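Novice: Handing over data.txt, compact mmCIF, C-alpha atoms.
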```
# COMPACT_ATOMS: atom_id res chain seq x y z
CA MET A 1 42.22 -78.48 235.85
CA PRO A 2 44.53 -77.06 238.55
CA ALA A 3 46.62 -74.01 237.61
CA THR A 4 49.70 -76.06 238.51
CA THR A 5 49.01 -78.54 235.70
CA ILE A 6 50.83 -78.04 232.42
CA VAL A 7 49.49 -80.07 229.50
CA VAL A 8 51.77 -80.62 226.52
CA GLY A 9 49.40 -81.69 223.77
CA GLY A 10 49.63 -82.71 220.16
CA THR A 11 49.14 -79.14 218.98
CA ASP A 12 52.12 -78.05 221.08
CA LEU A 13 54.30 -80.81 219.63
CA GLU A 14 53.27 -79.88 216.09
CA ARG A 15 54.03 -76.21 216.68
CA LEU A 16 57.42 -76.94 218.25
CA SER A 17 58.38 -79.35 215.47
CA LEU A 18 57.26 -76.95 212.75
CA GLY A 19 59.28 -74.14 214.29
CA PHE A 20 62.36 -76.37 214.35
CA GLU A 21 61.84 -77.47 210.72
CA THR A 22 61.46 -73.89 209.56
CA VAL A 23 64.90 -73.03 210.95
CA TRP A 24 66.83 -76.25 210.29
CA GLN A 25 64.99 -77.60 207.21
CA ARG A 26 64.53 -81.02 208.84
CA ALA A 27 62.45 -82.67 211.52
CA PRO A 28 63.87 -82.70 215.08
CA THR A 29 65.36 -85.89 216.47
CA GLU A 30 63.81 -87.46 219.56
CA THR A 31 66.45 -85.82 221.75
CA GLU A 32 65.93 -82.43 220.10
CA LEU A 33 62.16 -82.71 220.48
CA LYS A 34 62.62 -83.47 224.19
CA GLN A 35 64.77 -80.34 224.51
CA LEU A 36 62.10 -78.29 222.73
CA ILE A 37 59.44 -79.63 225.11
CA ASP A 38 61.62 -78.85 228.15
CA ALA A 39 62.13 -75.28 226.88
CA HIS A 40 58.37 -74.94 226.32
CA ILE A 41 57.63 -76.12 229.86
CA ARG A 42 60.26 -73.77 231.30
CA GLU A 43 58.71 -70.85 229.43
CA GLU A 44 55.19 -71.78 230.60
CA VAL A 45 56.30 -72.06 234.24
CA LEU A 46 58.07 -68.71 234.21
CA VAL A 47 55.24 -66.94 232.35
CA ARG A 48 52.70 -68.24 234.88
CA GLU A 49 54.95 -67.07 237.70
CA ALA A 50 55.28 -63.63 236.11
CA LEU A 51 51.49 -63.39 235.75
CA ALA A 52 51.01 -64.51 239.36
CA LEU A 53 53.33 -61.71 240.44
CA SER A 54 51.42 -59.26 238.17
CA LEU A 55 54.62 -58.45 236.29
CA ASP A 56 52.56 -57.89 233.16
CA ARG A 57 50.74 -54.91 234.65
CA ASP A 58 51.81 -51.40 233.68
CA ASP A 59 54.34 -52.83 231.23
CA THR A 60 53.98 -50.78 228.06
CA VAL A 61 55.70 -53.31 225.84
CA ILE A 62 53.55 -56.21 227.01
CA ARG A 63 50.34 -54.18 226.80
CA ARG A 64 51.16 -53.02 223.29
CA ARG A 65 51.97 -56.58 222.20
CA LEU A 66 48.69 -57.90 223.63
CA ARG A 67 46.77 -55.16 221.87
CA GLN A 68 48.52 -55.98 218.60
CA LYS A 69 47.68 -59.66 218.93
CA VAL A 70 43.98 -58.94 219.49
CA ASP A 71 43.94 -56.57 216.52
CA PHE A 72 45.72 -59.19 214.43
CA LEU A 73 43.22 -61.89 215.36
CA THR A 74 40.33 -59.58 214.59
CA ARG A 75 41.86 -58.51 211.26
CA SER A 76 42.47 -62.17 210.35
CA ALA A 77 38.77 -62.84 210.73
CA ALA A 78 38.16 -60.40 207.86
CA ALA A 79 40.84 -61.91 205.61
CA GLY A 80 38.40 -64.19 203.83
CA LEU A 81 36.31 -61.34 202.45
CA ALA A 82 36.39 -61.19 198.65
CA PRO A 83 34.97 -58.28 196.62
CA THR A 84 32.96 -58.72 193.44
CA ASP A 85 33.97 -56.94 190.24
CA HIS A 86 30.95 -54.69 190.71
CA GLU A 87 32.16 -53.69 194.18
CA LEU A 88 35.71 -53.10 192.91
CA ARG A 89 34.55 -50.91 190.03
CA GLY A 90 32.48 -48.90 192.47
CA TYR A 91 35.47 -48.64 194.78
CA LEU A 92 37.61 -47.36 191.91
CA GLY A 93 34.97 -44.80 191.04
CA THR A 94 34.77 -43.56 194.63
CA ASN A 95 38.55 -43.42 195.06
CA ALA A 96 39.57 -42.43 191.54
CA GLU A 97 42.00 -39.73 192.70
CA ARG A 98 44.01 -42.30 194.66
CA TYR A 99 44.74 -44.27 191.49
CA ARG A 100 45.26 -41.44 189.02
CA THR A 101 48.64 -41.55 187.32
CA GLU A 102 50.81 -38.45 187.51
CA PRO A 103 51.18 -36.30 184.39
CA SER A 104 54.26 -37.14 182.32
CA VAL A 105 56.52 -35.42 179.84
CA SER A 106 59.27 -36.39 177.39
CA PHE A 107 61.92 -33.86 176.40
CA GLN A 108 65.50 -32.98 175.50
CA GLN A 109 67.52 -30.39 177.36
CA VAL A 110 70.69 -28.40 176.81
CA TYR A 111 72.33 -26.95 179.90
CA LEU A 112 73.67 -23.39 179.59
CA GLY A 113 75.20 -23.03 183.04
CA GLU A 114 74.14 -21.27 186.21
CA THR A 115 73.94 -17.92 184.44
CA ALA A 116 73.55 -17.07 180.77
CA GLY A 117 72.84 -13.79 179.04
CA ASN A 118 69.82 -13.24 176.83
CA ASP A 119 71.96 -12.93 173.69
CA ALA A 120 73.74 -16.24 174.38
CA ILE A 121 70.43 -17.98 175.10
CA GLN A 122 68.88 -16.62 171.89
CA GLU A 123 71.92 -17.66 169.83
CA VAL A 124 71.91 -21.28 171.08
CA ARG A 125 68.13 -21.53 170.73
CA ASP A 126 68.31 -20.35 167.10
CA VAL A 127 71.13 -22.77 166.30
CA LEU A 128 69.20 -25.69 167.79
CA ASN A 129 65.99 -24.79 165.97
CA ASN A 130 67.99 -24.67 162.75
CA GLY A 131 68.96 -28.30 163.18
CA ALA A 132 72.22 -28.26 165.16
CA ASP A 133 73.12 -31.39 167.11
CA PRO A 134 72.10 -30.79 170.77
CA GLN A 135 75.18 -32.75 171.85
CA SER A 136 77.35 -30.01 170.40
CA GLN A 137 75.69 -27.25 172.40
CA GLY A 138 75.71 -26.12 176.00
CA ASN A 139 77.75 -27.18 179.01
CA ALA A 140 78.40 -30.60 180.47
CA ILE A 141 76.33 -31.64 183.51
CA MET A 142 75.43 -34.94 185.15
CA LEU A 143 71.85 -34.84 183.88
CA PRO A 144 70.32 -36.79 180.99
CA ARG A 145 70.23 -34.91 177.72
CA GLN A 146 67.08 -36.76 176.67
CA VAL A 147 64.33 -37.88 179.03
CA PRO A 148 61.68 -40.37 177.85
CA LEU A 149 58.06 -40.07 178.99
CA THR A 150 58.55 -39.59 182.75
CA GLN A 151 56.19 -38.71 185.59
CA ARG A 152 56.23 -35.39 187.42
CA ALA A 153 57.80 -36.65 190.66
CA VAL A 154 60.75 -38.24 188.85
CA VAL A 155 61.41 -35.18 186.68
CA ASP A 156 61.38 -32.90 189.70
CA ARG A 157 63.62 -35.29 191.59
CA MET A 158 66.20 -35.06 188.78
CA PHE A 159 65.98 -31.35 187.94
CA GLY A 160 64.54 -29.78 191.08
CA ASP A 161 61.07 -28.89 192.36
CA GLY A 162 58.94 -27.01 189.87
CA PHE A 163 60.89 -28.02 186.76
CA PHE A 164 58.04 -30.21 185.51
CA ASN A 165 55.55 -27.33 185.81
CA ARG A 166 57.88 -25.10 183.78
CA LEU A 167 58.10 -27.76 181.10
CA GLU A 168 54.30 -27.84 180.91
CA MET A 169 54.39 -24.18 179.83
CA GLN A 170 56.59 -25.01 176.82
CA ASP A 171 55.07 -25.76 173.43
CA PRO A 172 56.08 -29.20 172.08
CA GLY A 173 58.09 -29.59 168.91
CA SER A 174 60.68 -26.83 169.05
CA TRP A 175 63.49 -25.62 171.27
CA SER A 176 62.28 -23.14 173.86
CA GLY A 177 63.27 -21.57 177.13
CA PRO A 178 65.16 -20.55 179.11
CA VAL A 179 63.85 -22.94 181.78
CA GLN A 180 65.29 -22.70 185.28
CA SER A 181 66.24 -25.85 187.19
CA ALA A 182 67.92 -26.34 190.54
CA TYR A 183 71.24 -26.33 188.64
CA GLY A 184 70.85 -23.37 186.34
CA ILE A 185 69.46 -22.49 182.92
CA HIS A 186 68.30 -24.94 180.23
CA LEU A 187 66.89 -24.84 176.76
CA VAL A 188 64.35 -27.60 176.24
CA LYS A 189 62.55 -29.36 173.44
CA VAL A 190 59.36 -30.99 174.68
CA PHE A 191 58.18 -33.97 172.66
CA GLU A 192 54.99 -34.98 174.45
CA HIS A 193 52.83 -33.99 177.40
CA GLU A 194 50.71 -36.79 178.87
CA PRO A 195 48.05 -35.60 181.34
CA ALA A 196 47.13 -37.33 184.58
CA ALA A 197 44.59 -40.10 184.05
CA THR A 198 42.63 -42.75 185.89
CA PRO A 199 44.03 -46.12 184.79
CA ALA A 200 41.89 -48.85 183.27
CA TYR A 201 40.17 -51.11 185.79
CA GLU A 202 42.10 -54.22 184.75
CA ALA A 203 45.43 -52.41 185.14
CA VAL A 204 44.84 -51.76 188.85
CA ARG A 205 42.52 -54.64 189.74
CA GLU A 206 45.00 -56.44 192.02
CA ARG A 207 45.79 -53.22 193.86
CA LEU A 208 42.08 -52.49 194.18
CA ILE A 209 41.49 -55.90 195.75
CA GLN A 210 44.21 -55.37 198.36
CA ASP A 211 43.13 -51.82 199.18
CA TRP A 212 39.47 -52.89 199.44
CA LYS A 213 40.40 -55.75 201.77
CA ASP A 214 42.54 -53.45 203.91
CA GLU A 215 39.68 -50.99 204.31
CA GLN A 216 37.22 -53.76 205.14
CA ALA A 217 39.65 -55.15 207.73
CA ASP A 218 40.10 -51.67 209.27
CA ALA A 219 36.33 -51.28 209.50
CA PHE A 220 35.99 -54.77 210.98
CA VAL A 221 38.63 -54.04 213.63
CA GLU A 222 36.99 -50.74 214.57
CA ALA A 223 33.51 -52.29 214.76
CA HIS A 224 34.86 -55.08 216.96
CA TYR A 225 36.51 -52.54 219.24
CA GLN A 226 33.31 -50.50 219.53
CA ARG A 227 31.38 -53.67 220.49
CA LEU A 228 33.93 -54.42 223.20
CA LEU A 229 34.01 -50.80 224.37
CA ALA A 230 30.23 -50.80 224.79
CA GLN A 231 30.64 -53.41 227.53
CA TYR A 232 32.65 -51.03 229.70
CA THR A 233 31.87 -47.96 231.76
CA ILE A 234 34.69 -45.43 231.45
CA ALA A 235 35.26 -43.21 234.50
CA TYR A 236 37.29 -40.06 233.85
CA PRO A 237 38.97 -37.72 236.38
CA ASP A 238 36.86 -34.70 237.23
CA ASP A 239 39.26 -32.29 235.54
CA ILE A 240 38.96 -33.82 232.05
CA MET A 241 36.13 -34.81 229.73
CA GLY A 242 33.72 -32.96 232.00
CA GLY A 243 34.17 -35.58 234.74
CA GLY A 244 31.71 -38.37 235.47
CA ALA A 245 31.38 -41.66 233.63
CA SER A 246 30.92 -42.53 230.01
CA GLN A 247 29.33 -45.76 228.77
```
Could you express the structure from this file as structure tokens?
Specialist:
Amino acid sequence: MPATTIVVGGTDLERLSLGFETVWQRAPTETELKQLIDAHIREEVLVREALALSLDRDDTVIRRRLRQKVDFLTRSAAAGLAPTDHELRGYLGTNAERYRTEPSVSFQQVYLGETAGNDAIQEVRDVLNNGADPQSQGNAIMLPRQVPLTQRAVVDRMFGDGFFNRLEMQDPGSWSGPVQSAYGIHLVKVFEHEPAATPAYEAVRERLIQDWKDEQADAFVEAHYQRLLAQYTIAYPDDIMGGGASQ
């Protein structure tokens, strides 16, 4: 068929109509469909002219978009892969560290200010351990007095880097400290330490499926690229890669 022939087929009409329906939530009228076809033909004519003039060459945006489309098509070919439970359990075993939960801690805290003397710290600690209401002690600050079981990253985000590790050094069940935060000095009562753990298979199964599929797709894309690359001879300048050609 001559390069000057433009065929508007049923697939084109379906695509144009579907695009219109997606935006306007209704099918195009006959007049609107004719306008869509005219716009499609205009685009095809101008794209062919641009290609004839080699306007696509050395255009970084176009080259990147073409590469992305090929990668997308290749990745789509791997989308139908489905792992078995046996494969997923093996995948979890191999990548256990990726799915481990962070350690957590629950605690109360009383803020004593940016600086506090040893005698003042000891006095408040004794009062608290003798049953005083924590709300009646310490200074006001925009931090929670009581923190439920919370992971390391969240605790450190609230109180400053390293606060969680300092809490881990406190014995649960009684008021202890002082513990330094990014804001100053605290007395703390740790209720529970929960160590990092690998979650149960069922709890992360959906995430495992997606991660497994992503890795398989990455491998598929790379294998496809290597097959294509093997069809080319790569010639390098003499001053890099030792010169010469590489197959």
Novice: What's the separation between atom CA of A:Asp133 and atom CA of A:Ile185, in Å to one decimal place?
Specialist: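 Taking atom CA of A:Asp133 and atom CA of A:Ile185, their separation equals 18.5 Å.
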Novice: Can you build me a table of stretch 144-208 of chain A residues sitting at most 12 Å from stretch 75-90 of chain A, with the closest atom pair per residue and its distance in Å to one decimal, using all atoms listed in the file, sorted by chain and residue number, as CSV?
Specialist:
```
residue,atom,partner,partner_atom,distance
A:Pro199,CA,A:Arg89,CA,11.8
A:Ala200,CA,A:Arg89,CA,10.2
A:Tyr201,CA,A:Arg89,CA,7.0
A:Glu202,CA,A:Arg89,CA,9.8
A:Val204,CA,A:Leu88,CA,10.1
A:Arg205,CA,A:Leu88,CA,7.7
A:Glu206,CA,A:Leu88,CA,9.9
A:Arg207,CA,A:Leu88,CA,10.1
A:Leu208,CA,A:Leu88,CA,6.5
```
Novice: Taking 5 positions as the minimum chain separation for residues in the same chain, which residues sit within 12 Å of stretch 117-119 of chain A when counting all atoms listed in the file? Answer as a list of chain:residue names.
Specialist: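 Residues near the query, excluding close chain neighbours: A:Leu112, A:Val124, A:Arg125, A:Asp126, A:Gly177, A:Pro178, A:Ile185, A:Leu187.
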Novice: Identify, on the basis of all atoms listed in the file, every residue whose closest approach to A:Tyr99 does not exceed 9 Å; exclude the query and any residue fewer than 2 positions from it along the same chain; express the result as a PyMOL selection string.
Specialist: chain A and resi 92+95-97+101+197-199+204
Novice: How many Å lie between atom CA of A:Thr5 and atom CA of A:Arg42, rounded to one decimal?
Specialist: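 According to the coordinates, atom CA of A:Thr5 and atom CA of A:Arg42 are separated by 13.0 Å.
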Novice: Work out how far atom CA of A:Trp212 is from atom CA of A:Tyr91, in Å to one decimal.
Specialist: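 Result for atom CA of A:Tyr91 versus atom CA of A:Trp212: 7.5 Å, one decimal.
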Novice: Give the answer as one residue: which of A:Ala140, A:Val154, A:Leu167, A:Val23 has the shortest atom-to-atom distance to A:Gln108, using all atoms listed in the file?
Specialist: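 Under the stated criterion, the closest residue is A:Leu167.
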Novice: For A:Gln135, list every protein, DNA or RNA residue within 12 Å, evaluated using only C-alpha atoms, and leave out those in the same chain fewer than 4 positions away; present the list as number ranges by chain.
Specialist: A: 108-111, 124, 128, 131, 139-141, 144-146
Novice: What lies within 6 Å of A:Pro103 using only C-alpha atoms, ignoring chain neighbours under 3 positions off, as a PyMOL selection string?
Specialist: chain A and resi 151-152+194-196
Novice: Would you write out those residues with C-alpha atoms, as a compact mmCIF listing (two decimals), in the coordinates of the input?
Specialist:
```txt
# COMPACT_ATOMS: atom_id res chain seq x y z
CA GLN A 151 56.19 -38.71 185.59
CA ARG A 152 56.23 -35.39 187.42
CA GLU A 194 50.71 -36.79 178.87
CA PRO A 195 48.05 -35.60 181.34
CA ALA A 196 47.13 -37.33 184.58
```
Novice: Let me make sure I understand: among A:Met158, A:Leu53, A:Val105, A:Leu18, which one has the smallest atom-to-atom distance to A:Leu36 if we use all atoms listed in the file?
Specialist: A:Leu18
Novice: Measuring between all atoms listed in the file, which one of A:Val61, A:Val147, A:Leu13, A:Ile6 shows the shortest distance to A:Ile41?
Specialist: A:Ile6
Novice: Could you list, as a ChimeraX atom specification, every residue within 6 Å of A:Trp175, counting only C-alpha atoms and ignoring same-chain residues fewer than 2 positions away?
Specialist: /A:129,188-189
Novice: Rank nothing, just name the residue among A:Leu46, A:Val127, A:Ala120, A:Leu228 nearest to A:Thr4, using only C-alpha atoms.
Specialist: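 Among the listed residues, A:Leu46 lies closest to A:Thr4.
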Novice: If you take every atom of stretch 127-133 of chain A that the file lists and fit an axis-aligned box around them with 3 Å extra on each side, what centre and edge lengths come out in Å to one decimal, as lines of an AutoDock Vina configuration file?
Specialist:
```
center_x = 69.6
center_y = -27.1
center_z = 165.3
size_x = 13.1
size_y = 14.6
size_z = 11.0
```
Novice: Give as a PyMOL selection string every residue, naming chains and numbers as the document does, that has an atom within 9 Å of (33.6, -59.1, 215.2), counting all atoms listed in the file.
Specialist: chain A and resi 74+77-78+220-221+223-225+227
Novice: Considering only C-alpha atoms, can you say which of A:Gly184, A:Arg98, A:Ser136, A:Gln226 comes closest to A:Asp211?
Specialist: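 That would be A:Arg98, the residue with the smallest distance to A:Asp211.
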Novice: As a PDB file, keeping the file's coordinate frame, please: stretch 137-148 of chain A completed to all heavy atoms.
Specialist:
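Done, and the output landed in result_16.pdb:
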```pdb
ATOM      1  N   GLN A 137      76.037 -28.537 171.800  1.00  0.00           N
ATOM      2  CA  GLN A 137      75.690 -27.250 172.400  1.00  0.00           C
ATOM      3  C   GLN A 137      75.664 -27.346 173.925  1.00  0.00           C
ATOM      4  O   GLN A 137      75.462 -28.415 174.500  1.00  0.00           O
ATOM      5  CB  GLN A 137      74.316 -26.789 171.905  1.00  0.00           C
ATOM      6  CG  GLN A 137      74.201 -26.666 170.398  1.00  0.00           C
ATOM      7  CD  GLN A 137      75.142 -25.632 169.833  1.00  0.00           C
ATOM      8  OE1 GLN A 137      75.243 -24.511 170.347  1.00  0.00           O
ATOM      9  NE2 GLN A 137      75.874 -25.995 168.775  1.00  0.00           N
ATOM     10  N   GLY A 138      75.863 -26.190 174.551  1.00  0.00           N
ATOM     11  CA  GLY A 138      75.710 -26.120 176.000  1.00  0.00           C
ATOM     12  C   GLY A 138      76.903 -26.639 176.774  1.00  0.00           C
ATOM     13  O   GLY A 138      77.971 -26.930 176.222  1.00  0.00           O
ATOM     14  N   ASN A 139      76.712 -26.758 178.083  1.00  0.00           N
ATOM     15  CA  ASN A 139      77.750 -27.180 179.010  1.00  0.00           C
ATOM     16  C   ASN A 139      77.477 -28.587 179.516  1.00  0.00           C
ATOM     17  O   ASN A 139      76.331 -29.038 179.558  1.00  0.00           O
ATOM     18  CB  ASN A 139      77.833 -26.223 180.196  1.00  0.00           C
ATOM     19  CG  ASN A 139      78.075 -24.787 179.775  1.00  0.00           C
ATOM     20  OD1 ASN A 139      78.698 -24.542 178.727  1.00  0.00           O
ATOM     21  ND2 ASN A 139      77.588 -23.836 180.562  1.00  0.00           N
ATOM     22  N   ALA A 140      78.543 -29.247 179.926  1.00  0.00           N
ATOM     23  CA  ALA A 140      78.400 -30.600 180.470  1.00  0.00           C
ATOM     24  C   ALA A 140      77.801 -30.543 181.876  1.00  0.00           C
ATOM     25  O   ALA A 140      78.097 -29.642 182.667  1.00  0.00           O
ATOM     26  CB  ALA A 140      79.765 -31.292 180.520  1.00  0.00           C
ATOM     27  N   ILE A 141      76.931 -31.510 182.179  1.00  0.00           N
ATOM     28  CA  ILE A 141      76.330 -31.640 183.510  1.00  0.00           C
ATOM     29  C   ILE A 141      75.847 -33.076 183.660  1.00  0.00           C
ATOM     30  O   ILE A 141      75.517 -33.745 182.671  1.00  0.00           O
ATOM     31  CB  ILE A 141      75.152 -30.641 183.700  1.00  0.00           C
ATOM     32  CG1 ILE A 141      74.682 -30.647 185.155  1.00  0.00           C
ATOM     33  CG2 ILE A 141      74.018 -30.957 182.744  1.00  0.00           C
ATOM     34  CD1 ILE A 141      73.632 -29.584 185.465  1.00  0.00           C
ATOM     35  N   MET A 142      75.834 -33.551 184.891  1.00  0.00           N
ATOM     36  CA  MET A 142      75.430 -34.940 185.150  1.00  0.00           C
ATOM     37  C   MET A 142      73.906 -35.064 185.173  1.00  0.00           C
ATOM     38  O   MET A 142      73.300 -35.457 186.169  1.00  0.00           O
ATOM     39  CB  MET A 142      76.022 -35.410 186.472  1.00  0.00           C
ATOM     40  CG  MET A 142      77.530 -35.508 186.460  1.00  0.00           C
ATOM     41  SD  MET A 142      78.145 -36.745 185.280  1.00  0.00           S
ATOM     42  CE  MET A 142      77.619 -38.252 186.095  1.00  0.00           C
ATOM     43  N   LEU A 143      73.291 -34.699 184.068  1.00  0.00           N
ATOM     44  CA  LEU A 143      71.850 -34.840 183.880  1.00  0.00           C
ATOM     45  C   LEU A 143      71.621 -35.434 182.501  1.00  0.00           C
ATOM     46  O   LEU A 143      72.406 -35.158 181.577  1.00  0.00           O
ATOM     47  CB  LEU A 143      71.138 -33.481 183.993  1.00  0.00           C
ATOM     48  CG  LEU A 143      71.026 -32.851 185.380  1.00  0.00           C
ATOM     49  CD1 LEU A 143      70.526 -31.413 185.262  1.00  0.00           C
ATOM     50  CD2 LEU A 143      70.095 -33.654 186.283  1.00  0.00           C
ATOM     51  N   PRO A 144      70.569 -36.219 182.322  1.00  0.00           N
ATOM     52  CA  PRO A 144      70.320 -36.790 180.990  1.00  0.00           C
ATOM     53  C   PRO A 144      69.975 -35.713 179.980  1.00  0.00           C
ATOM     54  O   PRO A 144      69.214 -34.793 180.275  1.00  0.00           O
ATOM     55  CB  PRO A 144      69.142 -37.744 181.232  1.00  0.00           C
ATOM     56  CG  PRO A 144      68.458 -37.225 182.452  1.00  0.00           C
ATOM     57  CD  PRO A 144      69.548 -36.639 183.305  1.00  0.00           C
ATOM     58  N   ARG A 145      70.560 -35.847 178.795  1.00  0.00           N
ATOM     59  CA  ARG A 145      70.230 -34.910 177.720  1.00  0.00           C
ATOM     60  C   ARG A 145      68.827 -35.155 177.200  1.00  0.00           C
ATOM     61  O   ARG A 145      68.141 -34.208 176.806  1.00  0.00           O
ATOM     62  CB  ARG A 145      71.228 -35.084 176.579  1.00  0.00           C
ATOM     63  CG  ARG A 145      72.614 -34.538 176.855  1.00  0.00           C
ATOM     64  CD  ARG A 145      72.747 -33.122 176.350  1.00  0.00           C
ATOM     65  NE  ARG A 145      74.107 -32.630 176.460  1.00  0.00           N
ATOM     66  CZ  ARG A 145      74.524 -31.517 175.876  1.00  0.00           C
ATOM     67  NH1 ARG A 145      73.705 -30.796 175.131  1.00  0.00           N
ATOM     68  NH2 ARG A 145      75.761 -31.096 176.026  1.00  0.00           N
ATOM     69  N   GLN A 146      68.415 -36.409 177.163  1.00  0.00           N
ATOM     70  CA  GLN A 146      67.080 -36.760 176.670  1.00  0.00           C
ATOM     71  C   GLN A 146      66.362 -37.587 177.716  1.00  0.00           C
ATOM     72  O   GLN A 146      66.917 -38.539 178.254  1.00  0.00           O
ATOM     73  CB  GLN A 146      67.170 -37.531 175.347  1.00  0.00           C
ATOM     74  CG  GLN A 146      65.806 -37.817 174.735  1.00  0.00           C
ATOM     75  CD  GLN A 146      65.894 -38.029 173.233  1.00  0.00           C
ATOM     76  OE1 GLN A 146      66.771 -37.482 172.559  1.00  0.00           O
ATOM     77  NE2 GLN A 146      64.967 -38.813 172.697  1.00  0.00           N
ATOM     78  N   VAL A 147      65.130 -37.215 177.999  1.00  0.00           N
ATOM     79  CA  VAL A 147      64.330 -37.880 179.030  1.00  0.00           C
ATOM     80  C   VAL A 147      63.083 -38.453 178.368  1.00  0.00           C
ATOM     81  O   VAL A 147      62.293 -37.703 177.784  1.00  0.00           O
ATOM     82  CB  VAL A 147      63.927 -36.884 180.146  1.00  0.00           C
ATOM     83  CG1 VAL A 147      63.082 -37.581 181.201  1.00  0.00           C
ATOM     84  CG2 VAL A 147      65.180 -36.266 180.783  1.00  0.00           C
ATOM     85  N   PRO A 148      62.898 -39.772 178.415  1.00  0.00           N
ATOM     86  CA  PRO A 148      61.680 -40.370 177.850  1.00  0.00           C
ATOM     87  C   PRO A 148      60.468 -39.983 178.694  1.00  0.00           C
ATOM     88  O   PRO A 148      60.600 -39.311 179.726  1.00  0.00           O
ATOM     89  CB  PRO A 148      61.962 -41.872 177.943  1.00  0.00           C
ATOM     90  CG  PRO A 148      62.904 -41.999 179.090  1.00  0.00           C
ATOM     91  CD  PRO A 148      63.767 -40.772 179.062  1.00  0.00           C
TER      92      PRO A 148
END
```
